[in-house]
Structures are given as C-alpha cells and as structure tokens.
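Engineer: Here it is: the structure, laid out below.
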Amino acid sequence: MIQSGAEANAVAAHYSRRDLESTILDALVAAGIDPERLRAEDLAPIDEFHIGGRKATLELARQLDLDATQQVLDIGSGLGGASRCLAREFGCRVTGIDLSQEYCQVASGFTERLGLQAAVSYRHGSALDLPFADASFDLLWTQHASMNIADKPRLYAEMRRVLIPGGRLAIYDILAGEGGNVHFPVPWAREPGISHLISPQQLRAHLEGLGFEILRWQDTTEQGRSWFRRLSERTARQGSPRLGLHLLLGADFRLMAQNQLRNLEEGRIALIETIVRRPVSSSVA
Ligand SMILES: C[S@@+](CC[C@H](N)C(=O)[O-])C[C@H]1O[C@@H](n2cnc3c(N)ncnc32)[C@H](O)[C@@H]1O
C-alpha cells in the first residue's frame with residue numbers, strides 16, 4: 001500500500017505555501033534580523049516544526065553520542081532545523097528528505113545562509129521510496145513526520161533498509177492517545193484524510209516486527225503538554241510572536257494550535273521518543 005500520488009500530493013499541498021521563503025525573510029526583517037547575518041537561533045521559532053522546538057531536538061540528539069563520523073538521514077526534514085542542528089552541534093553530515101519540494105528549497109536556502117552546505121543537503125522525495133542504496137546511513141532521525149504516512153510497514157521497512165546493520169533510528173513522533181479521535185485541523189492535517197496516527201503499542205510492534213532492538217522508549221506526552229501550555233499562555237498574554245509556525249501554516253494556524261493543546265489535554269494524542277537499533281544480523285528481509 002505505497003502512498004498514492006494523490007495522497008502524497010495532498011500531504012505536500014497541506015504544507016506548501018507559495019512564497020514561503022520570502023514570507024519568512026520579510027518576517028525576519030520585521031523582527032529586526034538581517035537575513036544576510038542570519039544566526040541559527042534566529043530561525044529556531046520557524047525551522048523546528050515539532051512540539052518542544054529546538055530543546056526537544058537537542059534532548060534527543062544528546063542521547064545518541066553523535067560525532068563527525070556519522071552519516072545521518074533526517075526523514076521528513078521540513079525546513080531543516082534539526083538537520084542543521086545535528087551538523088552544527090555534533091559535526092554530523094546530514095541528508096534531509098521531504099515530500100514538500102518547497103520545504104526542501106527553503107531548507108537549502110537557509111543552510112547556505114548559515115554556511116552549512118558542505119555538511120547538510122536536502123532531497124525531494126518520499127519516505128516510502130527512499131532514493132538511497134541499502135545500508136547508506138549510520139543514523140536515521142525523524143520527528144513528527146509519520147503522522148502523514150498511512151503505510152507504516154513500508155515506512156519502517158524503508159528506514160531499516162537504508163540503515164547500516166547495527167545503526168540506530170531515533171524517532172520523536174505524535175501517536176494516537178487513548179482519549180478518542182483527534183480534533184481537526186491540526187498542524188499536520190486540516191482534515192482526517194491525511195492523518196494516520198497509530199498507538200504507541202502499534203509503533204512498538206512495527207519496530208520489533210522488523211527486528212529493531214528497542215534501546216530507549218520514553219513517553220514525553222506530559223513534557224509536550226507543559227511546553228504547549230506555556231506557549232499558549234505566552235501567546236494569550238503577548239499575542240502571536242512575529243516569528244513562528246503561523247508563517248508556514250497560514251491563517252488557520254491559531255485554530256490548529258488550540259486543537260493541538262486540546263488534543264494533548266484530552267489524551268487524544270501521545271508523544272513518544274524512541275531510539276532503536278538495527279541488529280547486526282537478522283533473518284528479517
Ligand atoms: C510537521 S513537519 C516536521 C518537519 C521536521 N521533521 C521538523 O520537526 O521540523 C512534517 C514533515 O513531514 C514531511 N512528510 C510527510 N509525509 C512525508 C513522506 N511520505 N515523505 C517525506 N516527507 C514527508 C512533510 O512534508 C513535512 O515537512
């Protein structure tokens with residue numbers, strides 16, 4: 001059941017916004033930031049498109065003993081905040097892949113502005129059909145992308161295929177909670193047709209079914225809930241910041257953010273961070 005062309009287009013259309021790069025550059029200028037002297041931290045409110053932002057990326061990365069020898073693939077890399085962070089902070093060489101051509105272009109533009117183009121590059125493509133040879137990467141990294149992908153067996157099998165034997169996969173994802181159906185729109189989908197959440201138990205079963213060894217498994221829902229509460233309280237007090245994910249998602253971002261918090265408060269979504277290892281040898285094809 002590989003993602004149909006129509007579904008892939010619907011997901012890409014959800015994230016695409018015409019003139020995204022100039023919209024962000026204009027917002028940076030309005031916030032008093034010179035795009036010609038951009039610093040990584042200037043982009044953090046925009047290029048870390050997941051609950052917890054840059055802090056969540058660093059917390060997961062610090063558990064991985066990363067170094068300059070590591071070839072990393074970031075699946076569903078978005079605007080590239082995490083991929084650049086892994087290169088800058090830990091010296092890794094990172095490839096990002098994303099279904100949105102526009103996100104790949106904007107991610108490449110920011111990477112050049114930050115002088116990281118020797119270490120980080122982006123490919124337009126699908127996580128379900130990764131354009132890489134078997135065993136190409138030491139580490140796979142993915143945050144908040146699987147929610148748009150229905151074919152989980154194919155997704156995790158592709159990840160396993162491109163990972164070296166003994167290589168690790170780090171996942172930080174939104175999963176289905178026990179509180180019932182999600183309220184839409186949410187930041188990953190305006191309607192249920194492109195939202196495909198599975199439960200933590202199902203995720204674990206997919207990974208273990210492919211022979212992955214679970215090295216770490218953490219439910220971070222409560223942390224994410226607190227982070228989101230603080231964000232919405234700040235927005236209620238001070239209004240929307242100039243720089244934020246509304247620049248990516250447009251006018252209905254406010255409702256998406258309200259629903260995201262409501263879904264967290266009502267236990268409709270859960271957050272899991274896990275690090276798993278592809279066994280050095282295994283009978284799974
Ligand atoms: C919520 S964003 C997260 C982006 C990034 N991982 C981050 O945390 O900043 C989800 C991303 O997953 C990408 N995506 C969704 N389905 C995909 C697929 N089948 N293949 C590759 N990327 C996909 C979307 O285009 C989008 O950029």
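Following the order of the structure tokens, first chain is A, next is B, and so on, with residues numbered from 1 inside each chain and ligands from 1 in the order they appear.
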Where does chain A meet ligand 1 within 7 Å, residue by residue, with the nearest atom pair and distance in Å to one decimal for each, counting only C-alpha atoms and all ligand atoms, listed by chain and rising number, as CSV?

Structural biologist:
residue,atom,partner,partner_atom_place_in_ligand_line,distance
A:Ala8,CA,ligand 1,19 (N),6.6
A:Val11,CA,ligand 1,15 (C),6.3
A:Ala12,CA,ligand 1,25 (O),5.6
A:Tyr15,CA,ligand 1,25 (O),6.1
A:Asp47,CA,ligand 1,9 (O),5.6
A:Glu48,CA,ligand 1,9 (O),3.9
A:Phe49,CA,ligand 1,9 (O),3.4
A:His50,CA,ligand 1,8 (O),4.6
A:Ile75,CA,ligand 1,21 (C),6.1
A:Gly76,CA,ligand 1,22 (N),3.6
A:Ser77,CA,ligand 1,6 (N),4.3
A:Gly78,CA,ligand 1,27 (O),3.5
A:Leu79,CA,ligand 1,9 (O),6.1
A:Gly80,CA,ligand 1,9 (O),6.3
A:Gly81,CA,ligand 1,9 (O),5.9
A:Ala82,CA,ligand 1,9 (O),6.4
A:Ile97,CA,ligand 1,21 (C),5.9
A:Asp98,CA,ligand 1,22 (N),3.7
A:Leu99,CA,ligand 1,22 (N),4.1
A:Ser100,CA,ligand 1,25 (O),4.5
A:Tyr103,CA,ligand 1,27 (O),6.4
A:Gly125,CA,ligand 1,21 (C),5.9
A:Ser126,CA,ligand 1,20 (N),3.5
A:Ala127,CA,ligand 1,20 (N),3.8
A:Leu128,CA,ligand 1,19 (N),5.8
A:Thr142,CA,ligand 1,6 (N),6.0
A:Gln143,CA,ligand 1,6 (N),4.4
A:His144,CA,ligand 1,3 (C),4.9
A:Ala145,CA,ligand 1,12 (O),3.9
A:Ser146,CA,ligand 1,16 (N),6.5
A:Asn148,CA,ligand 1,16 (N),4.9
A:Ile149,CA,ligand 1,19 (N),5.6
A:Pro187,CA,ligand 1,1 (C),6.7
A:Trp188,CA,ligand 1,1 (C),5.5

Engineer: Near Gly180 (chain A), within 12 Å and counting only C-alpha atoms, which residues show up once chain neighbours fewer than 3 positions away are dropped, as a PyMOL selection string?

Structural biologist: chain A and resi 175-177+183+197+199+262-270

Engineer: Looking at A:Asp34, A:Glu233, A:Asp173, A:Asp74, which one is nearest to Ser121 (chain A), with distances taken over only C-alpha atoms?

Structural biologist: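 Distance minimum relative to Ser121 (chain A) lands on A:Asp74.
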
Engineer: Can you check which residues of region 197-258 of chain A DSSP gives as alpha helix (DSSP H) on the backbone and send them as a ChimeraX atom specification?

Structural biologist: /A:200-209,221-238,246-249,253-258

Engineer: For CA of Gln218 (chain A) and CA of Leu245 (chain A), determine how far apart the two atoms are, in Å to one decimal place.

Structural biologist: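 So the answer is 25.7 Å.
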
Engineer: Counting only C-alpha atoms, what is within 10 Å of Lys152 (chain A), bar same-chain residues fewer than 5 positions away, as a PyMOL selection string?

Structural biologist: chain A and resi 1-2+128+146-147+157-158+196-198+202-203+206-207

Engineer: Could you please write out, as a PyMOL selection string, every residue of region 39-281 of chain A that DSSP assigns to strand (DSSP E or B)?

Structural biologist: chain A and resi 71-75+93-98+120-124+137-143+163-176+186+189+213-219+269-277

Engineer: Just how far from CA of Val94 (chain A) is CA of Ala107 (chain A), in Å to one decimal?

Structural biologist: 12.4 Å

Engineer: To one decimal place in Å, what is the distance between CA of Ser240 (chain A) and CA of Arg17 (chain A)?

Structural biologist: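 Taking CA of Ser240 (chain A) and CA of Arg17 (chain A), their separation equals 19.3 Å.
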
Engineer: Here is a test: counting only C-alpha atoms, which residue of A:Asp219, A:Gly239, A:Leu210, A:Pro165 is nearest to Pro279 (chain A)?

Structural biologist: A:Pro165

Engineer: Determine, counting only C-alpha atoms, which protein, DNA and RNA residues have an atom within 12 Å of an atom of Cys85 (chain A); residues of the same chain fewer than 2 positions away are not included. Present the result as a PyMOL selection string.

Structural biologist: chain A and resi 39-41+43-44+47-48+53-62+66+72+74+77+79-83+87-94+111+114+116+119-120

Engineer: Save the residues we just selected, N, CA, C and O atoms, as a compact mmCIF listing (two decimals), in the first residue's frame?

Structural biologist:
# COMPACT_ATOMS: atom_id res chain seq x y z
N ARG A 39 21.67 34.01 12.16
CA ARG A 39 22.24 33.05 13.11
C ARG A 39 21.24 31.91 13.27
O ARG A 39 20.02 32.12 13.13
N ALA A 40 21.74 30.74 13.61
CA ALA A 40 20.85 29.57 13.72
C ALA A 40 19.69 29.84 14.67
O ALA A 40 18.55 29.45 14.41
N GLU A 41 19.98 30.54 15.77
CA GLU A 41 18.92 30.74 16.77
C GLU A 41 17.81 31.66 16.26
O GLU A 41 16.69 31.61 16.75
N LEU A 43 16.36 31.36 13.49
CA LEU A 43 15.39 30.53 12.76
C LEU A 43 14.65 29.54 13.65
O LEU A 43 13.65 28.95 13.22
N ALA A 44 15.13 29.34 14.88
CA ALA A 44 14.57 28.26 15.72
C ALA A 44 13.04 28.34 15.89
O ALA A 44 12.38 27.30 15.93
N ASP A 47 12.04 26.89 12.19
CA ASP A 47 12.54 25.70 11.48
C ASP A 47 12.56 24.43 12.33
O ASP A 47 13.09 23.41 11.88
N GLU A 48 11.99 24.48 13.52
CA GLU A 48 11.86 23.27 14.35
C GLU A 48 10.36 23.04 14.48
O GLU A 48 9.71 23.54 15.40
N GLY A 53 10.17 22.19 20.08
CA GLY A 53 11.13 23.00 19.33
C GLY A 53 12.58 22.52 19.46
O GLY A 53 12.85 21.32 19.58
N ARG A 54 13.53 23.47 19.39
CA ARG A 54 14.97 23.16 19.40
C ARG A 54 15.38 22.35 20.64
O ARG A 54 16.24 21.46 20.57
N LYS A 55 14.73 22.68 21.78
CA LYS A 55 15.07 21.99 23.03
C LYS A 55 14.83 20.47 22.89
O LYS A 55 15.66 19.65 23.29
N ALA A 56 13.70 20.12 22.26
CA ALA A 56 13.38 18.69 22.08
C ALA A 56 14.41 18.03 21.17
O ALA A 56 14.84 16.89 21.40
N THR A 57 14.83 18.75 20.13
CA THR A 57 15.85 18.21 19.21
C THR A 57 17.16 17.93 19.96
O THR A 57 17.75 16.86 19.86
N LEU A 58 17.59 18.91 20.76
CA LEU A 58 18.86 18.75 21.47
C LEU A 58 18.78 17.63 22.50
O LEU A 58 19.72 16.85 22.66
N GLU A 59 17.63 17.53 23.18
CA GLU A 59 17.50 16.49 24.21
C GLU A 59 17.61 15.09 23.60
O GLU A 59 18.25 14.21 24.15
N LEU A 60 16.97 14.91 22.43
CA LEU A 60 17.05 13.60 21.78
C LEU A 60 18.47 13.36 21.24
O LEU A 60 19.07 12.29 21.43
N ALA A 61 19.04 14.40 20.61
CA ALA A 61 20.37 14.25 19.99
C ALA A 61 21.44 13.91 21.04
O ALA A 61 22.34 13.12 20.77
N ARG A 62 21.32 14.50 22.23
CA ARG A 62 22.36 14.28 23.27
C ARG A 62 22.38 12.84 23.77
O ARG A 62 23.32 12.43 24.43
N LEU A 66 26.62 11.42 19.21
CA LEU A 66 26.88 11.74 17.80
C LEU A 66 28.29 12.29 17.63
O LEU A 66 28.83 12.91 18.55
N VAL A 72 24.00 10.90 8.61
CA VAL A 72 22.64 10.89 9.17
C VAL A 72 21.62 11.18 8.07
O VAL A 72 21.86 12.02 7.19
N ASP A 74 17.72 12.54 7.82
CA ASP A 74 16.58 13.12 8.53
C ASP A 74 15.35 12.95 7.63
O ASP A 74 15.27 13.55 6.56
N SER A 77 12.28 16.12 6.73
CA SER A 77 13.18 17.11 7.34
C SER A 77 12.62 18.51 7.42
O SER A 77 13.20 19.39 8.07
N LEU A 79 11.85 22.27 7.25
CA LEU A 79 12.70 23.41 6.91
C LEU A 79 14.13 23.22 7.40
O LEU A 79 14.95 24.13 7.28
N GLY A 80 14.41 22.06 7.99
CA GLY A 80 15.81 21.68 8.24
C GLY A 80 16.41 22.11 9.56
O GLY A 80 17.63 22.03 9.73
N GLY A 81 15.59 22.55 10.50
CA GLY A 81 16.14 22.99 11.80
C GLY A 81 16.95 21.89 12.47
O GLY A 81 18.08 22.11 12.91
N ALA A 82 16.40 20.68 12.51
CA ALA A 82 17.09 19.59 13.21
C ALA A 82 18.34 19.15 12.44
O ALA A 82 19.39 18.93 13.04
N SER A 83 18.23 19.05 11.12
CA SER A 83 19.40 18.57 10.35
C SER A 83 20.58 19.53 10.51
O SER A 83 21.72 19.09 10.70
N ALA A 87 24.33 18.92 12.47
CA ALA A 87 25.62 19.22 11.82
C ALA A 87 26.42 20.23 12.65
O ALA A 87 27.62 20.06 12.89
N ARG A 88 25.73 21.26 13.09
CA ARG A 88 26.41 22.36 13.78
C ARG A 88 26.92 21.93 15.16
O ARG A 88 28.06 22.18 15.52
N GLU A 89 26.05 21.28 15.92
CA GLU A 89 26.38 20.97 17.32
C GLU A 89 27.24 19.72 17.46
O GLU A 89 27.98 19.58 18.42
N PHE A 90 27.08 18.76 16.52
CA PHE A 90 27.74 17.46 16.71
C PHE A 90 28.67 17.09 15.55
O PHE A 90 29.31 16.06 15.57
N GLY A 91 28.69 17.92 14.50
CA GLY A 91 29.62 17.69 13.38
C GLY A 91 29.16 16.64 12.37
O GLY A 91 29.92 16.27 11.48
N CYS A 92 27.92 16.13 12.52
CA CYS A 92 27.45 15.07 11.60
C CYS A 92 27.29 15.62 10.18
O CYS A 92 27.07 16.81 9.98
N ARG A 93 27.35 14.70 9.21
CA ARG A 93 26.94 15.04 7.85
C ARG A 93 25.51 14.55 7.68
O ARG A 93 25.22 13.39 7.98
N VAL A 94 24.64 15.44 7.25
CA VAL A 94 23.21 15.11 7.28
C VAL A 94 22.57 15.32 5.91
O VAL A 94 22.82 16.33 5.24
N THR A 111 20.29 26.81 4.77
CA THR A 111 21.54 26.09 5.04
C THR A 111 22.72 26.87 4.44
O THR A 111 23.77 27.01 5.06
N LEU A 114 23.53 29.95 6.41
CA LEU A 114 24.23 29.64 7.66
C LEU A 114 25.58 28.98 7.40
O LEU A 114 26.27 28.57 8.34
N LEU A 116 26.36 26.07 6.06
CA LEU A 116 26.45 24.65 6.42
C LEU A 116 26.31 23.72 5.22
O LEU A 116 26.13 22.52 5.37
N ALA A 119 27.99 20.33 4.85
CA ALA A 119 27.63 19.24 5.77
C ALA A 119 26.18 18.78 5.63
O ALA A 119 25.85 17.66 6.01
N VAL A 120 25.33 19.65 5.07
CA VAL A 120 23.90 19.34 5.07
C VAL A 120 23.31 19.55 3.68
O VAL A 120 23.57 20.58 3.04

Engineer: Nearest to Ala13 (chain A) among A:Val182, A:Val106, A:Leu248, A:Ala135, with distances taken over only C-alpha atoms: which residue is it?

Structural biologist: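 Selected residue with least distance to Ala13 (chain A): A:Leu248.
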
Engineer: When distances are computed from only C-alpha atoms, which of A:Leu155, A:Ile51, A:Met256, A:Ala251 shows the smallest separation from Gln223 (chain A)?

Structural biologist: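 With only C-alpha atoms as the atom set, the closest residue is A:Ile51.
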